[in-house]
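This report refers to the structure that appears directly beneath it.
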Amino acid sequence: MYVILMKRKIIKQGNGTLTMTLPRQWAREVGLSGESEIEIVVDENHLIVSPVGEINKKEITINVDNFQRLAFAKFLIACYEQGVDTMDLRFSKKTSKSWSHGHEDVADVIQFFTNRLVGFEVLSQTKNSIKIGNISEKHVKFENIVSRIFFLLEEYVDHLADALSTNDHAILKDGENRHDNIAKLVALSLRMIHESKTISNVNALNMHTVLHTVDKVADFFRYTYRYAMPHKRKVSKTTIRLVKKVRDFIEQYRHFFNKFSYDEIGTLDSLRGEVKGLFLLQMKKHPSEGTITYSLNAAVETLHGAIKPRISIELDKNKFV
């Protein structure tokens, strides 16, 4: 990647039309000719000029012999979020070992995490390599994806309340899949931010903060599902009340995010206090259920921290900063 600062003289044409020439080196590198089309994005006093179509697709080739399970997850998701289109993974070892899953087939691990990347599939596979890439041609609206993430979070907590109320462990076993669906959409949203030509730097930074926060909140809910699995009896009514109050907080934050209002900040603060109060009461009356409820309280505390970046997004939109 390089940045070159240069000046161009504006040429006045007939009827007041203004034209300029494009840098020859840049035009050659992206494959433009005299008959090519370009895309122009107007961003206040800036023009963003891009070639039309898929030019210079991002690809990466890497040896993954020293990767453990978590390394695969972090690498693939990071590449995905940064807009890499093709990942060629080379290996000489057939298995990978991790503290959490023991020995696993490398191909199975790669396939597992590929399933988390929306629009990505295995393109080719040999004895010592797997190539995965983006085959999606669908164009989805960023706002719809983010809204879907929040709805999935609410459903995540709704199903937790049902499972704990009925002591239904079949619902709890589905917790991992629900978490993975949220993580997949978070990664897609981050990729869309990275590839966007219209999102300002301020908004991109704050949206990154919000989405990474939501990703962490989903992790806390996954822990709650896991910790509830060994619990062989129905939990207390106080714990159920806490779960439902956490759900109220998630829903309120979604409203706050989608239809910004300063008044809702106070509502979120009040709900946070109610969650904290129920958590402390539950810990006092039913300490044996603390492993289940600790992550719920942590989820609310974490998402509460996403209020400030949402305010910053609104300020940037209204040009107050």
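Identifiers in this document derive from the order of the structure tokens: chains are assigned A, B, ..., residues are numbered from 1 separately in each chain, and ligands are numbered from 1 in order of occurrence.
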Handout entry: Every residue of region 53-269 of chain A that DSSP places in helix (DSSP H, G or I), as a VMD selection string
Key = chain A and resid 69 to 81 106 to 114 142 to 166 169 to 173 175 to 195 201 to 228 237 to 258 263 to 269
Mind dumping a table of every region 121-155 of chain A residue within 7 Å of region 89-110 of chain A, with the nearest atom pair and its distance in Å to one decimal, using only C-alpha atoms, sorted by chain and rising number, as a Markdown table?
```
| residue | atom | partner | partner_atom | distance |
| --- | --- | --- | --- | --- |
| A:Asn128 | CA | A:Phe91 | CA | 5.2 |
| A:Ser129 | CA | A:Arg90 | CA | 4.4 |
| A:Ile130 | CA | A:Leu89 | CA | 5.3 |
| A:Lys131 | CA | A:Leu89 | CA | 6.0 |
```
Practice task
Might you pull out every residue within 7 Å of region 182-196 of chain A, with only C-alpha atoms counted and same-chain residues fewer than 5 positions away left off, and present them as an MDAnalysis selection string?
Solution key: chainID A and resid 77 80:83 116:118 142 145:146 149 152 204 208 211 215
Exercise for the section: Give the strand (DSSP E or B) residues of region 125-176 of chain A, as DSSP finds them on the backbone, and put them as a VMD selection string. Expected result: chain A and resid 125 to 126 129 to 134
Would you export the selected residues with C-alpha atoms as a short mmCIF file (atom, residue, chain, number, x, y, z; two decimals), in the first residue's frame, please?
```cif
data_model
loop_
_atom_site.label_atom_id
_atom_site.label_comp_id
_atom_site.auth_asym_id
_atom_site.auth_seq_id
_atom_site.Cartn_x
_atom_site.Cartn_y
_atom_site.Cartn_z
CA GLN A 125 -8.71 -28.60 -1.13
CA THR A 126 -5.65 -30.78 -1.57
CA SER A 129 -3.70 -27.01 1.38
CA ILE A 130 -7.16 -25.52 1.63
CA LYS A 131 -8.19 -22.37 -0.19
CA ILE A 132 -11.22 -20.48 1.04
CA GLY A 133 -12.76 -17.42 -0.56
CA ASN A 134 -15.68 -15.09 -0.96
#
```
Problem - Distance query region 220-235 of chain A at most 6 Å, only C-alpha atoms, self and fewer than 2 positions along chain excluded, as a ChimeraX atom specification - result: /A:167,172,175,217-218,292,295,299
Residues just named, written with N, CA and C atoms as a PDB file, in the first residue's frame:
```
ATOM      1  N   ASN A 167     -35.700 -25.829  32.904  1.00  0.00           N
ATOM      2  CA  ASN A 167     -34.570 -26.747  33.073  1.00  0.00           C
ATOM      3  C   ASN A 167     -34.387 -27.615  31.833  1.00  0.00           C
ATOM      4  N   LEU A 172     -30.122 -25.288  26.050  1.00  0.00           N
ATOM      5  CA  LEU A 172     -28.794 -24.820  26.448  1.00  0.00           C
ATOM      6  C   LEU A 172     -27.712 -25.322  25.492  1.00  0.00           C
ATOM      7  N   GLY A 175     -26.660 -23.142  22.571  1.00  0.00           N
ATOM      8  CA  GLY A 175     -26.044 -21.852  22.854  1.00  0.00           C
ATOM      9  C   GLY A 175     -24.850 -21.536  21.981  1.00  0.00           C
ATOM     10  N   VAL A 217     -20.209  -9.147  24.399  1.00  0.00           N
ATOM     11  CA  VAL A 217     -21.467  -9.431  25.096  1.00  0.00           C
ATOM     12  C   VAL A 217     -21.972 -10.828  24.714  1.00  0.00           C
ATOM     13  N   ALA A 218     -21.885 -11.160  23.441  1.00  0.00           N
ATOM     14  CA  ALA A 218     -22.287 -12.499  22.987  1.00  0.00           C
ATOM     15  C   ALA A 218     -21.438 -13.570  23.664  1.00  0.00           C
ATOM     16  N   ILE A 292     -23.808 -18.738  36.995  1.00  0.00           N
ATOM     17  CA  ILE A 292     -24.728 -18.485  35.887  1.00  0.00           C
ATOM     18  C   ILE A 292     -24.951 -16.990  35.705  1.00  0.00           C
ATOM     19  N   SER A 295     -21.884 -13.718  34.505  1.00  0.00           N
ATOM     20  CA  SER A 295     -21.656 -13.298  33.127  1.00  0.00           C
ATOM     21  C   SER A 295     -22.789 -12.414  32.602  1.00  0.00           C
ATOM     22  N   ALA A 299     -22.220  -8.793  31.061  1.00  0.00           N
ATOM     23  CA  ALA A 299     -22.689  -8.436  29.719  1.00  0.00           C
ATOM     24  C   ALA A 299     -23.315  -7.048  29.715  1.00  0.00           C
TER      25      ALA A 299
END
```
Problem - Selection: 9 Å around region 276-288 of chain A, only C-alpha atoms, excl. self and same-chain fewer than 4 positions, as a ChimeraX atom specification - result: /A:235-236,238-239,241-242,245,271-272,292-294,296-297,300-301
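Atom to atom, CA of Phe113 (chain A) and CA of Val64 (chain A) stand 14.0 Å apart.
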With the cut-off set at 10 Å and counting only C-alpha atoms, tabulate each residue of region 128-185 of chain A with an atom at most that distance from an atom of region 255-260 of chain A, showing the nearest atom pair and its distance in Å to one decimal, ordered by chain and increasing number, as CSV.
```
residue,atom,partner,partner_atom,distance
A:Glu143,CA,A:Asn258,CA,8.6
A:Val146,CA,A:Asn258,CA,9.2
A:Ser147,CA,A:Asn258,CA,7.6
A:Phe150,CA,A:Phe257,CA,9.6
```
Same residues, N, CA and C atoms, output as a CSV table (one decimal), in the first residue's frame:
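Below you can see out_16.csv, which holds the result:
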```
chain,number,residue,atom,x,y,z
A,143,GLU,N,-27.0,-1.3,7.8
A,143,GLU,CA,-27.9,-1.0,8.9
A,143,GLU,C,-28.8,-2.3,9.2
A,146,VAL,N,-26.7,-4.8,11.2
A,146,VAL,CA,-26.5,-4.4,12.7
A,146,VAL,C,-27.7,-4.6,13.4
A,147,SER,N,-28.9,-4.3,12.9
A,147,SER,CA,-30.1,-4.5,13.5
A,147,SER,C,-30.4,-6.0,13.8
A,150,PHE,N,-28.6,-7.2,16.9
A,150,PHE,CA,-29.2,-6.9,18.2
A,150,PHE,C,-30.4,-7.8,18.4
```
